[in-house]
Amino acid sequence: MASAAQRRIKSISYAKYGYIFILPFFIVYLFFQLWPLINTFIVSFKGNADTGIDTWVGLNNFKDILFGDPDKPFTTAQTVHESFFRCLGNTIILWVGNFIPQIILSLSLAVWFTEANLKIPGKEFFKIVMYLPNILTAASVAVLFVQLCGQSETNPGAINSLLNKIGIVKSLPGDKIDPIEFIDGVWPSRFVVMFIQTWMWFGNTMIMLMSGIQGINPSLFEAASIDGATSGQVFRKITLPLLTPIMAYTLVTSMIGGLQMFDIPYLYNKDGLVKESLETIAALIYKYFHVSDLSKSKLGYSGAASVLLFFITLALGCIAFYMTRDKDEIAKKKQRKRIAKQLKQENKQFGGFSV
């Protein structure tokens, strides 16, 4: 028999200390994330300056954003509708345009750095250097590229000057050049923003993919090497299939960040005004929300656009997880359930006794 002191010692639980340590996170989350999220849903059902900010308008904001008023092209509803879908198109173009080269570059470098047969000198140094752009502030990067991509005829930026030196950009009389409009041009500015996003985030993606590759059982690679598999076969048959979970995570997190893209497209300009070709959904929401004159407020539209962005992200995330699911594991689960069901039926036939 255990003594009373021993029973008292065994009954001590340290779980409460864990809850105390994580309590600050939940308090911060409640006030700075959960409540603003709930309030955004509430605001989306309220009016704007023309109908009254505190007026309950139901689904009118969503109807205006999604369908507009095509019979009256100059009304606020039609303007908001056209702006939303224009910004949604910009957001998707900028995200897809930086995600595809980013994942290709990151995956290639991750495989290269984790290849056991390659003895790369200074491997850790290159990892750090490639990750460094991720810790730079967006404002400083945007200002840097605005200076590099200057498009003045008399005082072009470094990139236009370099292109002029190698003959891609034409020279004009009077020591002038005909610069590429990297800032005001629609597609040149988009390509620059895509490049910036890829350059800033490929290091982070590379680190995640490297962790996924290093988590694969090394015996699989050894067996493939003994069987005479080439590096391409190892990548296609072992590395890529087993990286599906981390690839799905990378895709979803990149998509969430891409759909909420704001800082670089918003700051990449020379006159303080975001370009229409670079205006993203997040920039549109900020424009509707950040209005100093309440008589022009579109707070309800801002909330509705935020809620729509939330559901678009949710839908695309579900599609991404569905497309990257492990079909073999799902098939095995279905087979196990089917076998368990058959065994249960057989047991019932024999009165609950197995034979």
# chains A, B, ... in the order shown; residues from 1 in each chain; ligands from 1
>>> closest_atom_pairs(of="stretch 4-98 of chain A", to="stretch 262-270 of chain A", cutoff="10 Å", atoms="only C-alpha atoms", output="JSON lines")
{"residue": "A:Asn90", "atom": "CA", "partner": "A:Pro265", "partner_atom": "CA", "distance": 9.9}
{"residue": "A:Thr91", "atom": "CA", "partner": "A:Phe262", "partner_atom": "CA", "distance": 9.3}
{"residue": "A:Leu94", "atom": "CA", "partner": "A:Pro265", "partner_atom": "CA", "distance": 9.0}
>>> write_last_selection(atoms="N, CA and C atoms", output="mmCIF file, in the first residue's frame")
data_model
loop_
_atom_site.group_PDB
_atom_site.id
_atom_site.type_symbol
_atom_site.label_atom_id
_atom_site.label_comp_id
_atom_site.auth_asym_id
_atom_site.auth_seq_id
_atom_site.Cartn_x
_atom_site.Cartn_y
_atom_site.Cartn_z
ATOM 1 N N ASN A 90 -4.955 40.865 -60.738
ATOM 2 C CA ASN A 90 -3.564 41.273 -60.474
ATOM 3 C C ASN A 90 -2.916 40.390 -59.415
ATOM 4 N N THR A 91 -3.675 40.091 -58.357
ATOM 5 C CA THR A 91 -3.147 39.288 -57.257
ATOM 6 C C THR A 91 -2.768 37.891 -57.737
ATOM 7 N N LEU A 94 0.363 38.035 -60.062
ATOM 8 C CA LEU A 94 1.606 38.274 -59.321
ATOM 9 C C LEU A 94 1.994 37.059 -58.483
#
>>> select_by_dssp(residues="stretch 9-179 of chain A", states="strand (DSSP E)", output="PyMOL selection string")
chain A and resi 171-172+176-177
>>> residues_around(residues="A:Ala320", least_positions_apart="4", cutoff="8 Å", atoms="only C-alpha atoms", output="list in words")
Ala248, Leu251, Val252, Leu316 and Thr324 of chain A
>>> closest_residue(among="A:Gly185, A:Pro173, A:Gly317, A:Gly215", to="A:Tyr249", atoms="only C-alpha atoms")
A:Gly317
>>> closest_residue(among="A:Gly303, A:Gly203, A:Pro241, A:Pro101", to="A:Ala282", atoms="only C-alpha atoms")
A:Gly303
>>> atom_distance(atom1="atom CA of A:Gly300", atom2="atom CA of A:Ser44")
4.9 Å
>>> atom_distance(atom1="atom CA of A:Met206", atom2="atom CA of A:Trp95")
17.4 Å
>>> select_by_dssp(residues="stretch 99-265 of chain A", states="helix (DSSP H, G or I)", output="PyMOL selection string")
chain A and resi 99-114+123-135+138-148+158-165+186-214+218-226+231-242+244-259+263-265
>>> residues_around(residues="A:Leu209", least_positions_apart="6", cutoff="8 Å", atoms="only C-alpha atoms", output="list in words")
Ser106, Leu107, Ala110, Leu243, Ile246 and Met247 of chain A
>>> residues_around(residues="stretch 156-172 of chain A", least_positions_apart="2", cutoff="12 Å", atoms="only C-alpha atoms", output="PyMOL selection string")
chain A and resi 144-154+174-183+192
>>> residues_around(residues="A:Ile38", least_positions_apart="6", cutoff="12 Å", atoms="only C-alpha atoms", output="list in words")
Leu30, Phe31, Phe32, Ser44, Phe45, Gly303, Ser306 and Val307 of chain A
>>> write_last_selection(atoms="N, CA and C atoms", output="PDB file, in the first residue's frame")
ATOM      1  N   LEU A  30      -6.676  36.553 -28.945  1.00  0.00           N
ATOM      2  CA  LEU A  30      -8.071  36.953 -28.729  1.00  0.00           C
ATOM      3  C   LEU A  30      -8.290  38.418 -29.068  1.00  0.00           C
ATOM      4  N   PHE A  31      -7.380  39.281 -28.631  1.00  0.00           N
ATOM      5  CA  PHE A  31      -7.582  40.720 -28.795  1.00  0.00           C
ATOM      6  C   PHE A  31      -7.117  41.233 -30.156  1.00  0.00           C
ATOM      7  N   PHE A  32      -6.074  40.648 -30.707  1.00  0.00           N
ATOM      8  CA  PHE A  32      -5.482  41.208 -31.920  1.00  0.00           C
ATOM      9  C   PHE A  32      -5.761  40.400 -33.189  1.00  0.00           C
ATOM     10  N   SER A  44     -18.802  43.716 -42.583  1.00  0.00           N
ATOM     11  CA  SER A  44     -19.160  43.394 -43.970  1.00  0.00           C
ATOM     12  C   SER A  44     -20.658  43.467 -44.219  1.00  0.00           C
ATOM     13  N   PHE A  45     -21.446  43.400 -43.159  1.00  0.00           N
ATOM     14  CA  PHE A  45     -22.908  43.482 -43.302  1.00  0.00           C
ATOM     15  C   PHE A  45     -23.432  44.886 -43.029  1.00  0.00           C
ATOM     16  N   GLY A 303     -14.867  45.472 -45.547  1.00  0.00           N
ATOM     17  CA  GLY A 303     -15.138  44.250 -44.792  1.00  0.00           C
ATOM     18  C   GLY A 303     -15.609  43.120 -45.687  1.00  0.00           C
ATOM     19  N   SER A 306     -12.761  41.669 -47.620  1.00  0.00           N
ATOM     20  CA  SER A 306     -11.923  40.837 -46.741  1.00  0.00           C
ATOM     21  C   SER A 306     -12.548  39.462 -46.536  1.00  0.00           C
ATOM     22  N   VAL A 307     -13.858  39.427 -46.330  1.00  0.00           N
ATOM     23  CA  VAL A 307     -14.545  38.144 -46.136  1.00  0.00           C
ATOM     24  C   VAL A 307     -14.486  37.305 -47.407  1.00  0.00           C
TER      25      VAL A 307
END
